[in-house]
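Note: the block below is data37.txt and it holds compact mmCIF, C-alpha atoms.
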```txt
# COMPACT_ATOMS: atom_id res chain seq x y z
CA MET A 123 0.00 0.00 0.00
CA TRP A 124 1.32 3.45 -0.94
CA GLN A 125 0.24 6.94 0.03
CA ALA A 126 0.78 10.12 -1.92
CA TRP A 127 4.00 11.97 -1.03
CA THR A 128 1.93 15.10 -0.35
CA GLY A 129 -1.80 15.66 -0.40
CA PRO A 130 -4.53 13.04 -0.53
CA GLY A 131 -3.93 9.75 -2.32
CA LEU A 132 -3.69 6.06 -1.60
CA GLU A 133 -3.19 2.85 -3.57
CA SER A 134 -3.57 -0.77 -2.58
CA VAL A 135 -2.21 -3.55 -4.82
CA ARG A 136 -2.74 -7.28 -4.53
CA LEU A 137 -0.13 -9.44 -6.33
CA VAL A 138 -0.72 -13.11 -7.03
CA GLY A 139 1.40 -15.60 -8.94
CA ALA A 140 -0.67 -17.16 -11.72
CA ASP A 141 0.09 -19.35 -14.76
CA GLY A 142 3.85 -18.79 -14.43
CA GLY A 143 3.38 -15.01 -14.30
CA VAL A 144 1.78 -12.50 -12.00
CA VAL A 145 -1.61 -10.82 -11.69
CA ALA A 146 -1.89 -7.39 -10.07
CA GLU A 147 -5.19 -5.93 -8.93
CA SER A 148 -5.35 -2.41 -7.58
CA VAL A 149 -7.50 0.46 -6.46
CA ALA A 150 -6.03 3.97 -6.36
CA ILE A 151 -7.67 7.18 -5.19
CA GLY A 152 -6.23 10.65 -5.51
CA LEU A 153 -6.35 14.01 -7.20
CA SER A 154 -5.43 14.91 -10.77
CA SER A 155 -5.50 18.60 -11.73
CA GLY A 156 -7.76 19.29 -8.75
CA GLN A 157 -10.20 16.51 -9.73
CA ALA A 158 -10.73 13.53 -7.40
CA TYR A 159 -10.51 10.11 -9.04
CA THR A 160 -10.85 6.45 -8.19
CA VAL A 161 -9.28 4.02 -10.61
CA ARG A 162 -9.34 0.25 -10.45
CA TYR A 163 -7.12 -1.88 -12.65
CA ALA A 164 -6.11 -5.49 -13.19
CA LEU A 165 -3.10 -6.51 -15.20
CA ARG A 166 -1.59 -9.87 -16.03
CA CYS A 167 2.09 -10.37 -16.83
CA ASP A 168 3.80 -13.44 -18.21
CA ALA A 169 6.85 -15.04 -16.56
CA GLY A 170 9.11 -12.40 -18.18
CA TRP A 171 7.08 -9.54 -16.63
CA ARG A 172 5.70 -8.51 -20.04
CA VAL A 173 2.16 -7.13 -19.72
CA ARG A 174 -0.31 -9.43 -21.46
CA THR A 175 -3.65 -7.87 -20.42
CA LEU A 176 -4.74 -4.63 -18.79
CA GLU A 177 -8.24 -3.68 -17.72
CA ALA A 178 -8.91 -0.34 -16.04
CA TRP A 179 -12.04 1.40 -14.79
CA THR A 180 -12.63 4.82 -13.28
CA LEU A 181 -15.53 5.11 -10.89
CA GLY A 182 -18.13 7.82 -10.63
CA GLU A 183 -20.01 10.01 -13.06
CA GLY A 184 -18.49 9.83 -16.53
CA GLY A 185 -16.44 6.76 -15.57
CA ALA A 186 -14.17 5.29 -18.23
CA VAL A 187 -13.33 1.70 -19.14
CA LEU A 188 -10.23 0.42 -20.93
CA ALA A 189 -9.15 -3.06 -22.01
CA LEU A 190 -5.91 -3.85 -23.86
CA SER A 191 -4.08 -7.08 -24.65
CA SER A 192 -0.53 -7.74 -25.81
CA ASP A 193 0.99 -10.79 -27.46
CA GLY A 194 4.11 -10.37 -25.28
CA SER A 195 6.25 -9.24 -28.23
CA GLY A 196 5.01 -5.64 -28.33
CA ARG A 197 1.83 -5.98 -30.44
CA TRP A 198 -1.35 -4.59 -28.81
CA THR A 199 -5.05 -5.08 -29.47
CA GLY A 200 -8.25 -3.57 -28.12
CA PRO A 201 -11.12 -5.53 -26.53
CA ASP A 202 -12.55 -6.47 -29.93
CA GLY A 203 -9.20 -7.79 -31.17
CA THR A 204 -8.49 -4.71 -33.30
CA HIS A 205 -4.75 -4.09 -33.69
CA ARG A 206 -3.53 -0.86 -32.01
CA PRO A 207 -0.42 -0.15 -34.17
CA ALA A 208 0.43 3.10 -32.35
CA LEU A 209 1.30 0.97 -29.29
CA ASP A 210 3.55 -1.51 -31.13
CA GLY A 211 6.94 -1.96 -29.48
CA CYS A 212 5.68 -1.30 -25.94
CA PHE A 213 6.05 -4.07 -23.36
CA ASP A 214 5.01 -2.11 -20.27
CA VAL A 215 2.18 0.16 -19.17
CA ASP A 216 2.33 3.27 -17.00
CA LEU A 217 -0.63 4.57 -15.03
CA PRO A 218 0.40 7.81 -13.28
CA SER A 219 -2.02 7.00 -10.45
CA THR A 220 0.18 4.08 -9.34
CA VAL A 221 3.85 3.52 -8.55
CA PHE A 222 3.42 -0.23 -9.03
CA THR A 223 3.72 0.06 -12.82
CA ASN A 224 7.38 1.09 -12.34
CA THR A 225 7.99 -2.47 -11.15
CA LEU A 226 7.08 -3.86 -14.58
CA PRO A 227 10.13 -2.62 -16.56
CA ILE A 228 12.40 -2.98 -13.53
CA ARG A 229 11.55 -6.68 -13.23
CA ARG A 230 11.39 -7.27 -17.00
CA LEU A 231 14.77 -5.65 -17.74
CA ALA A 232 16.57 -7.09 -14.66
CA MET A 233 19.44 -4.62 -15.03
CA VAL A 234 22.67 -4.54 -13.05
CA PRO A 235 24.19 -1.36 -11.59
CA GLY A 236 25.40 1.02 -14.28
CA TRP A 237 23.01 -0.24 -16.96
CA SER A 238 20.42 2.07 -18.50
CA GLU A 239 17.56 1.42 -20.91
CA GLU A 240 15.24 3.77 -22.80
CA ILE A 241 11.82 2.23 -23.41
CA SER A 242 8.42 3.09 -24.85
CA VAL A 243 5.44 2.42 -22.60
CA VAL A 244 1.68 2.45 -23.03
CA TYR A 245 0.77 5.53 -20.98
CA ILE A 246 -2.75 5.55 -19.50
CA ALA A 247 -3.86 9.02 -18.36
CA VAL A 248 -6.03 9.22 -15.26
CA PRO A 249 -8.92 9.80 -14.85
CA ASP A 250 -9.99 9.67 -18.52
CA LEU A 251 -7.93 6.53 -19.37
CA ALA A 252 -6.68 8.14 -22.60
CA VAL A 253 -3.97 5.98 -24.20
CA SER A 254 -0.69 7.28 -25.66
CA VAL A 255 2.95 6.23 -25.89
CA ALA A 256 5.58 7.72 -23.56
CA ARG A 257 9.37 7.40 -23.68
CA GLN A 258 11.07 6.60 -20.36
CA ARG A 259 14.56 5.76 -19.21
CA TYR A 260 15.44 3.50 -16.28
CA THR A 261 18.99 3.41 -14.91
CA CYS A 262 20.01 0.86 -12.28
CA LEU A 263 22.07 2.73 -9.66
CA THR A 264 22.42 -0.01 -7.04
CA TRP A 265 21.00 -3.50 -6.67
CA GLY A 266 21.28 -6.38 -4.22
CA PRO A 267 19.16 -9.02 -2.45
CA GLU A 268 17.57 -6.37 -0.22
CA GLY A 269 16.70 -4.06 -3.13
CA GLY A 270 18.31 -0.97 -4.54
CA ARG A 271 17.82 2.29 -6.37
CA TYR A 272 16.85 3.17 -9.94
CA ARG A 273 16.74 6.53 -11.66
CA PHE A 274 13.54 7.14 -13.60
CA GLU A 275 13.45 9.76 -16.38
CA GLY A 276 10.51 10.91 -18.46
CA VAL A 277 12.31 11.35 -21.78
CA GLY A 278 11.63 14.81 -23.17
CA THR A 279 9.72 15.94 -20.07
CA GLY A 280 12.61 16.90 -17.79
CA PHE A 281 11.16 14.78 -14.97
CA THR A 282 13.67 12.67 -13.04
CA ALA A 283 13.36 10.77 -9.75
CA GLU A 284 15.41 8.23 -7.80
CA LEU A 285 13.28 5.26 -6.81
CA THR A 286 14.10 3.18 -3.74
CA LEU A 287 13.03 -0.45 -4.21
CA ASP A 288 12.73 -3.56 -2.07
CA GLY A 289 14.21 -6.94 -3.05
CA ASP A 290 11.10 -7.76 -5.14
CA GLY A 291 11.49 -4.60 -7.23
CA LEU A 292 8.53 -2.89 -5.56
CA VAL A 293 8.76 0.84 -4.88
CA VAL A 294 9.45 1.83 -1.29
CA GLU A 295 9.93 5.54 -2.03
CA TYR A 296 9.27 7.56 -5.16
CA PRO A 297 10.16 11.13 -4.07
CA ARG A 298 7.47 13.76 -4.74
CA ILE A 299 5.06 10.97 -5.83
CA ALA A 300 4.46 8.24 -3.20
CA ARG A 301 5.90 6.19 -0.35
CA ARG A 302 5.00 2.69 0.77
CA VAL A 303 3.10 2.58 4.04
CA TRP A 304 2.37 -1.12 4.33
CA SER A 305 3.68 -4.35 2.87
CA ARG A 306 2.27 -7.90 2.92
```
Render the structure in this file as structure tokens.
Amino acid sequence: MWQAWTGPGLESVRLVGADGGVVAESVAIGLSSGQAYTVRYALRCDAGWRVRTLEAWTLGEGGAVLALSSDGSGRWTGPDGTHRPALDGCFDVDLPSTVFTNTLPIRRLAMVPGWSEEISVVYIAVPDLAVSVARQRYTCLTWGPEGGRYRFEGVGTGFTAELTLDGDGLVVEYPRIARRVWSR
């Protein structure tokens, strides 16, 4: 469970191993541009931490629904099976309402200290669940059995943060965004 670094916001994630991969189910509440939101999502990753399915819902008046699937090699489709070519080449998703989605590329890339990787991610805006592609860079600063630190950069945005992680690659602290308040 994470709380917003400042202001109101909370997220609870449940992780379960399933079919050789992992399923994450979450509810996050917070503020975006002065508007309160509640978003619920479920995502399934394969054994290599590549996102295979994502379903997201926002609650309340004007709530949005999103469903995407990936073949695990960077090809995405909508709920009706229609190919979403703009998302091709993305293996991860990023919902700004959650710090959990940072775990996806960290686990998938399994970098060692000094390594850096620039990736494209499926970016899901909250609360409208609008889909776009974002460029991000992850740099492994330190890593060991107890966890470590990664630098996150929003390519072209000027945003940079040093993430502190536990041994499972889950965020403990994401300065200015969120900190973990409960585990297991």
Next item on the list: Compare A:Arg136, A:Ala186, A:Phe213, A:Leu251 by their minimum atom-to-atom distance to Ser148 of chain A, counting only C-alpha atoms, and give me the closest one.
Entry: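 Ranked by minimum distance to Ser148 of chain A, first place goes to A:Arg136.
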Next item on the list: Rank nothing, just name the residue among A:Thr128, A:Gln258, A:Thr199, A:Thr225 nearest to Glu240 of chain A, using only C-alpha atoms.
Entry: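 Nearest to Glu240 of chain A: A:Gln258.
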Checklist line | Selection: 6 Å around segment 288-296 of chain A, only C-alpha atoms, excl. self and same-chain fewer than 2 positions, as a VMD selection string | finding: chain A and resid 225 267 to 269 285 to 286 299 to 302
Saved selection, atoms kept: C-alpha atoms, as a PDB file, in the coordinates of the input:
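Saved result, out38.pdb, follows:
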```pdb
ATOM      1  CA  THR A 225       7.990  -2.470 -11.150  1.00  0.00           C
ATOM      2  CA  PRO A 267      19.160  -9.020  -2.450  1.00  0.00           C
ATOM      3  CA  GLU A 268      17.570  -6.370  -0.220  1.00  0.00           C
ATOM      4  CA  GLY A 269      16.700  -4.060  -3.130  1.00  0.00           C
ATOM      5  CA  LEU A 285      13.280   5.260  -6.810  1.00  0.00           C
ATOM      6  CA  THR A 286      14.100   3.180  -3.740  1.00  0.00           C
ATOM      7  CA  ILE A 299       5.060  10.970  -5.830  1.00  0.00           C
ATOM      8  CA  ALA A 300       4.460   8.240  -3.200  1.00  0.00           C
ATOM      9  CA  ARG A 301       5.900   6.190  -0.350  1.00  0.00           C
ATOM     10  CA  ARG A 302       5.000   2.690   0.770  1.00  0.00           C
TER      11      ARG A 302
END
```
Next item on the list: Please tell me which residues are no farther than 10 Å from (1.1, -8.2, -7.3) in the file, counting only C-alpha atoms, and write them as a ChimeraX atom specification.
Entry: /A:134-139,144-148,164-167,222,225,292
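Closest to Arg206 of chain A among A:Ala232, A:Val173, A:Val244, A:Leu226 is A:Val244, based on all atoms listed in the file.
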Checklist line | Spatial neighbours of Glu177 of chain A, 9 Å, only C-alpha atoms, chain gap at least 2 places, as a PyMOL selection string | finding: chain A and resi 162-165+175+179+187-191
Item checked: Residue with smallest distance to Pro227 of chain A - pool A:Gly211, A:Gly142, A:Gly170, A:Pro297, counting all atoms listed in the file ->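 Using all atoms listed in the file, Pro227 of chain A sits closest to A:Gly170.
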Check: atom CA of Gly200 of chain A to atom CA of Val215 of chain A: how many Å, to one decimal?
Finding: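 If I compute the distance from atom CA of Gly200 of chain A to atom CA of Val215 of chain A, I get 14.2 Å.
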Margin query: What's around Tyr260 of chain A at 9 Å? Count all atoms listed in the file, leave out sequence neighbours fewer than 5 positions away in its own chain, and write the answer as an NGL selection string.
Written below: :A and (227-228 or 237-241 or 272-275)
Each residue of segment 233-268 of chain A lying at most 12 Å from segment 156-160 of chain A should get a row with its shortest atom-to-atom pair and the distance in Å to one decimal, counting all atoms listed in the file; could you produce that, ordered by chain and increasing number, as a Markdown table?
```
| residue | atom | partner | partner_atom | distance |
| --- | --- | --- | --- | --- |
| A:Ala247 | CA | A:Tyr159 | CA | 11.5 |
| A:Val248 | CA | A:Tyr159 | CA | 7.7 |
| A:Pro249 | CA | A:Tyr159 | CA | 6.0 |
| A:Asp250 | CA | A:Tyr159 | CA | 9.5 |
| A:Leu251 | CA | A:Tyr159 | CA | 11.2 |
```
Please dump the current selection as a short mmCIF file (atom, residue, chain, number, x, y, z; two decimals), in the frame of the given file; keep C-alpha atoms.
```
data_model
loop_
_atom_site.label_atom_id
_atom_site.label_comp_id
_atom_site.auth_asym_id
_atom_site.auth_seq_id
_atom_site.Cartn_x
_atom_site.Cartn_y
_atom_site.Cartn_z
CA ALA A 247 -3.86 9.02 -18.36
CA VAL A 248 -6.03 9.22 -15.26
CA PRO A 249 -8.92 9.80 -14.85
CA ASP A 250 -9.99 9.67 -18.52
CA LEU A 251 -7.93 6.53 -19.37
#
```
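If you look at atom CA of Ser242 of chain A and atom CA of Ala283 of chain A, they are 17.6 Å away from each other.
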Notebook entry, point to check: atom CA of Leu263 of chain A to atom CA of Gly280 of chain A: how many Å, to one decimal?
Noted result: 18.9 Å
Check: Which residues come within 6 Å of Val161 of chain A, counting only C-alpha atoms, excluding same-chain residues fewer than 2 positions away, as a PyMOL selection string?
Finding: chain A and resi 149-150+179-180
